[in-house]
>>> print(open('target-v4.cif').read())   # mmCIF, C-alpha atoms (C1' of nucleotides)
data_coords
#
loop_
_atom_site.label_atom_id
_atom_site.label_comp_id
_atom_site.auth_asym_id
_atom_site.auth_seq_id
_atom_site.Cartn_x
_atom_site.Cartn_y
_atom_site.Cartn_z
CA MET D 1 224.42 -3.16 -178.03
CA VAL D 2 224.45 -5.62 -175.12
CA ILE D 3 221.90 -5.01 -172.38
CA THR D 4 223.22 -5.49 -168.85
CA PRO D 5 222.42 -3.96 -165.46
CA GLU D 6 225.86 -2.35 -165.59
CA LEU D 7 225.04 -0.34 -168.70
CA ASN D 8 225.37 3.39 -168.03
CA TYR D 9 221.97 4.94 -168.64
CA ASP D 10 223.03 8.54 -168.05
CA GLN D 11 224.60 9.05 -171.46
CA LEU D 12 222.03 7.34 -173.64
CA THR D 13 220.20 9.15 -176.42
CA ILE D 14 216.43 8.71 -176.71
CA ALA D 15 216.99 6.63 -179.82
CA GLU D 16 219.29 4.27 -177.93
CA ALA D 17 216.93 4.09 -174.96
CA THR D 18 214.07 3.21 -177.31
CA LEU D 19 216.17 0.46 -178.86
CA ILE D 20 216.93 -0.95 -175.43
CA GLN D 21 213.22 -1.00 -174.57
CA GLN D 22 212.39 -2.85 -177.78
CA GLN D 23 215.13 -5.34 -177.05
CA LEU D 24 214.05 -5.91 -173.44
CA ARG D 25 210.47 -6.39 -174.61
CA GLY D 26 211.52 -9.63 -176.23
CA HIS D 27 212.34 -11.02 -172.79
CA LEU D 28 209.05 -10.18 -171.14
CA ASN D 29 207.24 -13.02 -169.39
CA LEU D 30 203.57 -12.39 -168.59
CA GLU D 31 202.68 -15.95 -167.63
CA PRO D 32 200.69 -16.41 -164.41
CA LEU D 33 202.52 -16.14 -161.08
CA GLN D 34 204.47 -19.31 -160.40
CA ILE D 35 204.86 -18.88 -156.66
CA GLU D 36 202.81 -18.19 -153.56
CA ALA D 37 204.06 -14.78 -152.51
CA LYS D 38 205.01 -14.33 -148.88
CA THR D 39 206.64 -10.94 -149.22
CA ILE D 40 206.10 -7.92 -151.45
CA ALA D 41 208.13 -4.73 -151.61
CA GLY D 42 207.32 -1.22 -152.73
CA ALA D 43 210.02 0.70 -154.66
CA ASP D 44 210.24 4.45 -155.14
CA ILE D 45 212.51 7.49 -155.20
CA SER D 46 212.26 10.99 -153.76
CA LEU D 47 214.17 14.10 -154.75
CA ASP D 48 214.51 17.83 -154.31
CA LEU D 49 213.22 19.90 -157.20
CA TYR D 50 216.02 20.83 -159.64
CA SER D 51 218.43 18.47 -157.88
CA GLU D 52 220.38 15.59 -159.38
CA THR D 53 220.46 13.81 -156.02
CA VAL D 54 217.93 11.03 -155.64
CA TYR D 55 216.85 9.12 -152.56
CA ALA D 56 215.89 5.59 -153.54
CA GLY D 57 214.48 2.79 -151.50
CA LEU D 58 212.41 -0.36 -151.09
CA VAL D 59 210.17 -1.35 -148.21
CA VAL D 60 209.65 -5.10 -147.80
CA MET D 61 206.35 -6.23 -146.32
CA SER D 62 204.86 -9.56 -145.37
CA TYR D 63 202.06 -10.82 -147.62
CA PRO D 64 199.15 -10.87 -147.28
CA ASP D 65 199.58 -9.35 -143.81
CA LEU D 66 201.28 -6.27 -145.24
CA GLN D 67 203.42 -5.62 -142.15
CA PRO D 68 206.78 -3.86 -142.76
CA ILE D 69 209.69 -6.31 -142.39
CA ALA D 70 212.66 -4.30 -143.62
CA TYR D 71 213.75 -1.44 -145.86
CA SER D 72 216.77 -0.39 -147.90
CA LEU D 73 217.67 3.23 -148.58
CA VAL D 74 220.37 4.56 -150.90
CA LYS D 75 221.39 8.10 -151.85
CA SER D 76 222.47 8.43 -155.46
CA SER D 77 222.33 10.81 -158.42
CA THR D 78 220.84 10.97 -161.90
CA ILE D 79 221.65 12.97 -164.99
CA PHE D 80 219.01 11.38 -167.21
CA PRO D 81 216.00 13.76 -167.30
CA TYR D 82 212.39 12.83 -166.76
CA ILE D 83 210.88 12.05 -170.13
CA PRO D 84 207.44 10.39 -170.30
CA GLY D 85 208.02 6.85 -171.50
CA TYR D 86 211.62 6.72 -170.30
CA LEU D 87 211.25 6.92 -166.53
CA ALA D 88 213.19 3.68 -166.08
CA PHE D 89 216.42 5.22 -167.33
CA ARG D 90 216.18 7.94 -164.69
CA GLU D 91 215.12 5.86 -161.68
CA ILE D 92 216.36 2.29 -162.11
CA PRO D 93 220.07 2.86 -161.43
CA ALA D 94 219.35 4.17 -157.92
CA ILE D 95 216.61 1.65 -157.15
CA LEU D 96 218.90 -1.14 -158.31
CA LYS D 97 221.49 -0.12 -155.71
CA ALA D 98 218.88 -0.24 -152.97
CA TYR D 99 217.63 -3.59 -154.28
CA GLU D 100 221.14 -5.09 -154.29
CA GLN D 101 221.54 -3.96 -150.71
CA LEU D 102 218.71 -6.26 -149.61
CA PRO D 103 220.18 -9.48 -148.10
CA VAL D 104 216.96 -11.34 -148.96
CA LYS D 105 214.99 -10.35 -152.06
CA PRO D 106 211.22 -9.87 -151.83
CA ASP D 107 208.98 -12.25 -153.80
CA ILE D 108 207.38 -9.35 -155.68
CA VAL D 109 208.30 -5.69 -156.25
CA MET D 110 205.64 -3.06 -156.85
CA PHE D 111 206.77 0.14 -158.60
CA ASP D 112 205.48 3.69 -158.53
CA GLY D 113 205.02 3.73 -162.30
CA ASN D 114 203.93 1.27 -164.98
CA GLY D 115 204.65 -2.26 -166.12
CA ILE D 116 203.35 -3.01 -169.63
CA LEU D 117 200.96 -0.05 -169.51
CA HIS D 118 203.41 1.71 -171.77
CA ALA D 119 203.63 2.56 -175.48
CA ARG D 120 206.33 -0.08 -176.00
CA ARG D 121 205.13 -2.30 -173.12
CA MET D 122 208.31 -1.51 -171.22
CA GLY D 123 207.54 0.74 -168.26
CA ILE D 124 209.87 0.89 -165.26
CA ALA D 125 208.38 -2.20 -163.58
CA SER D 126 208.79 -4.37 -166.67
CA HIS D 127 212.26 -2.95 -167.35
CA PHE D 128 213.46 -3.69 -163.83
CA GLY D 129 211.90 -7.15 -163.88
CA VAL D 130 213.59 -8.17 -167.09
CA ILE D 131 217.09 -7.01 -166.16
CA THR D 132 216.99 -8.49 -162.65
CA ASP D 133 214.66 -11.44 -163.31
CA ALA D 134 212.47 -10.24 -160.42
CA ILE D 135 208.67 -10.59 -160.33
CA THR D 136 207.29 -7.06 -160.70
CA MET D 137 204.18 -4.96 -161.26
CA GLY D 138 203.36 -1.31 -161.68
CA CYS D 139 201.01 1.10 -159.95
CA ALA D 140 200.81 4.59 -161.47
CA LYS D 141 198.80 7.56 -160.28
CA LYS D 142 198.18 8.91 -163.79
CA LYS D 143 197.58 7.32 -167.18
CA LEU D 144 200.60 7.11 -169.44
CA ALA D 145 199.18 5.33 -172.49
CA GLY D 146 196.05 3.68 -173.86
CA GLN D 147 192.35 4.39 -173.45
CA TYR D 148 189.85 3.54 -170.77
CA VAL D 149 186.43 4.43 -169.46
CA ASP D 150 186.21 5.62 -165.90
CA PRO D 151 185.40 2.76 -163.51
CA GLY D 152 182.47 2.90 -161.10
CA PRO D 153 182.78 5.08 -157.95
CA SER D 154 183.15 2.26 -155.43
CA LYS D 155 186.35 0.73 -154.12
CA GLY D 156 187.16 -2.45 -156.02
CA GLU D 157 185.60 -1.40 -159.34
CA TYR D 158 187.88 -1.34 -162.35
CA THR D 159 188.00 -1.11 -166.16
CA GLN D 160 190.52 -2.22 -168.76
CA VAL D 161 193.09 0.10 -170.28
CA THR D 162 193.60 -0.86 -173.92
CA ASP D 163 196.02 0.18 -176.63
CA LYS D 164 196.11 -0.93 -180.25
CA GLY D 165 193.58 -3.64 -179.56
CA GLU D 166 195.20 -5.17 -176.51
CA VAL D 167 194.61 -4.91 -172.78
CA ILE D 168 197.69 -3.39 -171.16
CA GLY D 169 196.41 -2.72 -167.64
CA TYR D 170 193.53 -1.56 -165.48
CA ALA D 171 192.14 1.65 -164.07
CA VAL D 172 191.34 0.59 -160.50
CA ARG D 173 189.22 2.38 -157.92
CA THR D 174 191.14 1.60 -154.75
CA LYS D 175 189.03 3.94 -152.62
CA ASP D 176 185.47 5.25 -152.82
CA ASN D 177 185.05 8.40 -154.91
CA VAL D 178 188.77 8.89 -155.40
CA LYS D 179 190.68 8.97 -158.68
CA PRO D 180 191.61 5.50 -159.97
CA VAL D 181 195.10 4.07 -159.95
CA PHE D 182 196.64 2.38 -163.01
CA ILE D 183 197.74 -1.21 -162.52
CA SER D 184 199.71 -3.44 -164.87
CA PRO D 185 202.01 -6.45 -164.69
CA GLY D 186 205.71 -5.84 -164.90
CA HIS D 187 207.36 -9.22 -165.35
CA GLN D 188 206.65 -12.85 -164.50
CA MET D 189 202.97 -12.36 -163.67
CA SER D 190 199.78 -12.02 -165.67
CA LEU D 191 197.46 -9.08 -166.18
CA GLU D 192 195.00 -10.76 -163.80
CA ASP D 193 197.70 -11.36 -161.19
CA SER D 194 198.56 -7.66 -161.10
CA LEU D 195 194.93 -6.74 -160.57
CA THR D 196 194.43 -9.29 -157.79
CA LEU D 197 197.62 -8.26 -156.02
CA ALA D 198 196.80 -4.57 -156.24
CA LEU D 199 193.39 -5.10 -154.66
CA LYS D 200 194.78 -7.37 -151.94
CA CYS D 201 197.42 -4.78 -151.12
CA THR D 202 195.10 -1.85 -150.83
CA GLY D 203 193.56 -0.96 -147.53
CA LYS D 204 192.34 2.40 -146.31
CA HIS D 205 194.29 4.54 -148.77
CA ARG D 206 194.29 5.19 -152.51
CA LEU D 207 197.76 3.78 -153.02
CA PRO D 208 198.43 0.10 -152.34
CA GLU D 209 200.47 -0.38 -149.15
CA PRO D 210 203.81 -1.31 -150.79
CA THR D 211 203.90 1.81 -152.94
CA ARG D 212 202.44 3.99 -150.23
CA ARG D 213 205.09 2.89 -147.70
CA ALA D 214 207.93 3.14 -150.16
CA HIS D 215 206.91 6.70 -150.96
CA GLU D 216 206.72 7.51 -147.27
CA TYR D 217 210.13 6.02 -146.47
CA VAL D 218 212.14 7.56 -149.30
CA ASN D 219 210.58 10.90 -148.47
CA ARG D 220 211.52 10.57 -144.81
CA PHE D 221 215.00 9.59 -145.94
CA ARG D 222 215.27 12.78 -148.01
CA ILE D 223 213.95 14.88 -145.12
CA GLY D 224 216.37 13.29 -142.69
CA THR D 225 214.00 11.26 -140.54
CA LEU D 226 215.46 7.96 -141.78
CA THR D 227 219.05 7.02 -142.57
CA GLU D 228 220.78 5.38 -145.51
CA GLY D 229 221.40 1.64 -145.46
CA TYR D 230 219.61 -1.61 -144.80
CA HIS D 231 217.33 -1.79 -141.77
CA GLU D 232 214.94 -4.40 -140.46
CA PHE D 233 212.29 -4.30 -137.81
CA ASP D 234 212.86 -6.00 -134.47
CA SER D 235 212.57 -9.72 -135.18
CA ARG D 236 211.31 -10.25 -131.63
CA THR D 237 207.98 -8.78 -132.70
CA LEU D 238 207.65 -11.69 -135.10
CA PHE D 239 207.32 -14.13 -132.16
"C1'" DG L 240 200.79 19.39 -187.53
"C1'" DC L 241 198.04 18.25 -183.06
"C1'" DG L 242 197.22 16.20 -178.68
"C1'" DA L 243 199.09 13.17 -174.83
"C1'" DC L 244 202.47 12.89 -171.68
"C1'" DA L 245 204.37 7.49 -165.34
"C1'" DG L 246 207.79 10.46 -161.87
"C1'" DA R 247 208.88 14.58 -158.51
"C1'" DT R 248 208.31 18.94 -154.98
"C1'" DC R 249 206.25 23.41 -153.15
"C1'" DT R 250 201.85 25.03 -150.46
"C1'" DT R 251 196.72 26.95 -147.50
"C1'" DG R 252 192.64 26.17 -147.15
"C1'" DT R 253 188.74 23.34 -147.79
"C1'" DC R 254 185.46 19.55 -148.51
"C1'" DG R 255 183.95 14.94 -146.99
"C1'" DC R 256 183.86 10.60 -144.37
#
>>> encode(input="target-v4.cif", output="structure tokens")
Amino acid sequence: MVITPELNYDQLTIAEATLIQQQLRGHLNLEPLQIEAKTIAGADISLDLYSETVYAGLVVMSYPDLQPIAYSLVKSSTIFPYIPGYLAFREIPAILKAYEQLPVKPDIVMFDGNGILHARRMGIASHFGVITDAITMGCAKKKLAGQYVDPGPSKGEYTQVTDKGEVIGYAVRTKDNVKPVFISPGHQMSLEDSLTLALKCTGKHRLPEPTRRAHEYVNRFRIGTLTEGYHEFDSRTLF
DNA sequence: GCGACAG
DNA sequence: ATCTTGTCGC
């Protein structure tokens, strides 16, 4: 089976999806970041319960300023159900459309989900990175795989998440006395890079800005406060 | 068989 | 993921 972005995920069996993940894993690159990031985007989807319609989008921000520059929103649909460990097959098709709609790609994409913090080291962030060759990382709100000890209560404290003897991510306290977030590299960055970026992207809230904004925008899109398409903020404010 | 289980 | 009221804490 040939893996391409055009492959139709909706009709795959779990066995086939697992095979694809194992195949993509062979293309993972976790070497240190090779660029100085100037932009980072958050990617996420929103949907109505029991609906096949999905509202996907990306919010591009300047880095390290973290000011919104532009966003891309696309309405699509998914048949593939949510199955822990296979989130990529449900969300990537829609996010890919929104990504392709961006005239200029962000240097890094942060996903609402995991990178290599996954049983087969192929969470949605890693999956997307490999098929598009983008630099990606994951930020999940709950643990999917591995073991860890709770990090200290202060913002900035973190512990390793390990699985089968290897470090696959970190449990990071992004806000005082608030549940940790799970960070891991997706593609083309190291474990350490993902941790550094996550901390540099987190401000006053639990979720790092890219993911937090993406979640906000796709939700507003679903509610009707924002419209489909590519939009950018007034360039005059950049002068 | 049992427990875990991103969004 | 989404639905939902109040409540606790900075």
>>> resolve_selection(input="target-v4.cif", expression="the PyMOL selection byres ((chain L) within 10 of (chain D))", output="PyMOL selection string")
chain L and resi 243-246
>>> resolve_selection(input="target-v4.cif", expression="the PyMOL selection byres ((chain D) within 8 of (chain R))", output="mmCIF file with C-alpha atoms, keeping the file's coordinate frame")
data_model
loop_
_atom_site.group_PDB
_atom_site.id
_atom_site.type_symbol
_atom_site.label_atom_id
_atom_site.label_comp_id
_atom_site.auth_asym_id
_atom_site.auth_seq_id
_atom_site.Cartn_x
_atom_site.Cartn_y
_atom_site.Cartn_z
ATOM 1 C CA SER D 46 212.260 10.990 -153.760
ATOM 2 C CA LEU D 47 214.170 14.100 -154.750
ATOM 3 C CA ASP D 48 214.510 17.830 -154.310
ATOM 4 C CA LEU D 49 213.220 19.900 -157.200
#
>>> atom_distance(input="target-v4.cif", atom1="atom CA of Ser76 of chain D", atom2="atom CA of Ser184 of chain D")
27.3 Å
>>> closest_residue(input="target-v4.cif", among="D:Thr18, D:Thr162, D:Asn29, D:Thr202", to="Tyr63 of chain D", atoms="all atoms listed in the file")
D:Thr202
>>> atom_distance(input="target-v4.cif", atom1="atom CA of Lys75 of chain D", atom2="atom CA of Val54 of chain D")
5.9 Å
>>> resolve_selection(input="target-v4.cif", expression="the PyMOL selection byres ((chain D and resi 55) around 12)", output="count of residues only")
44
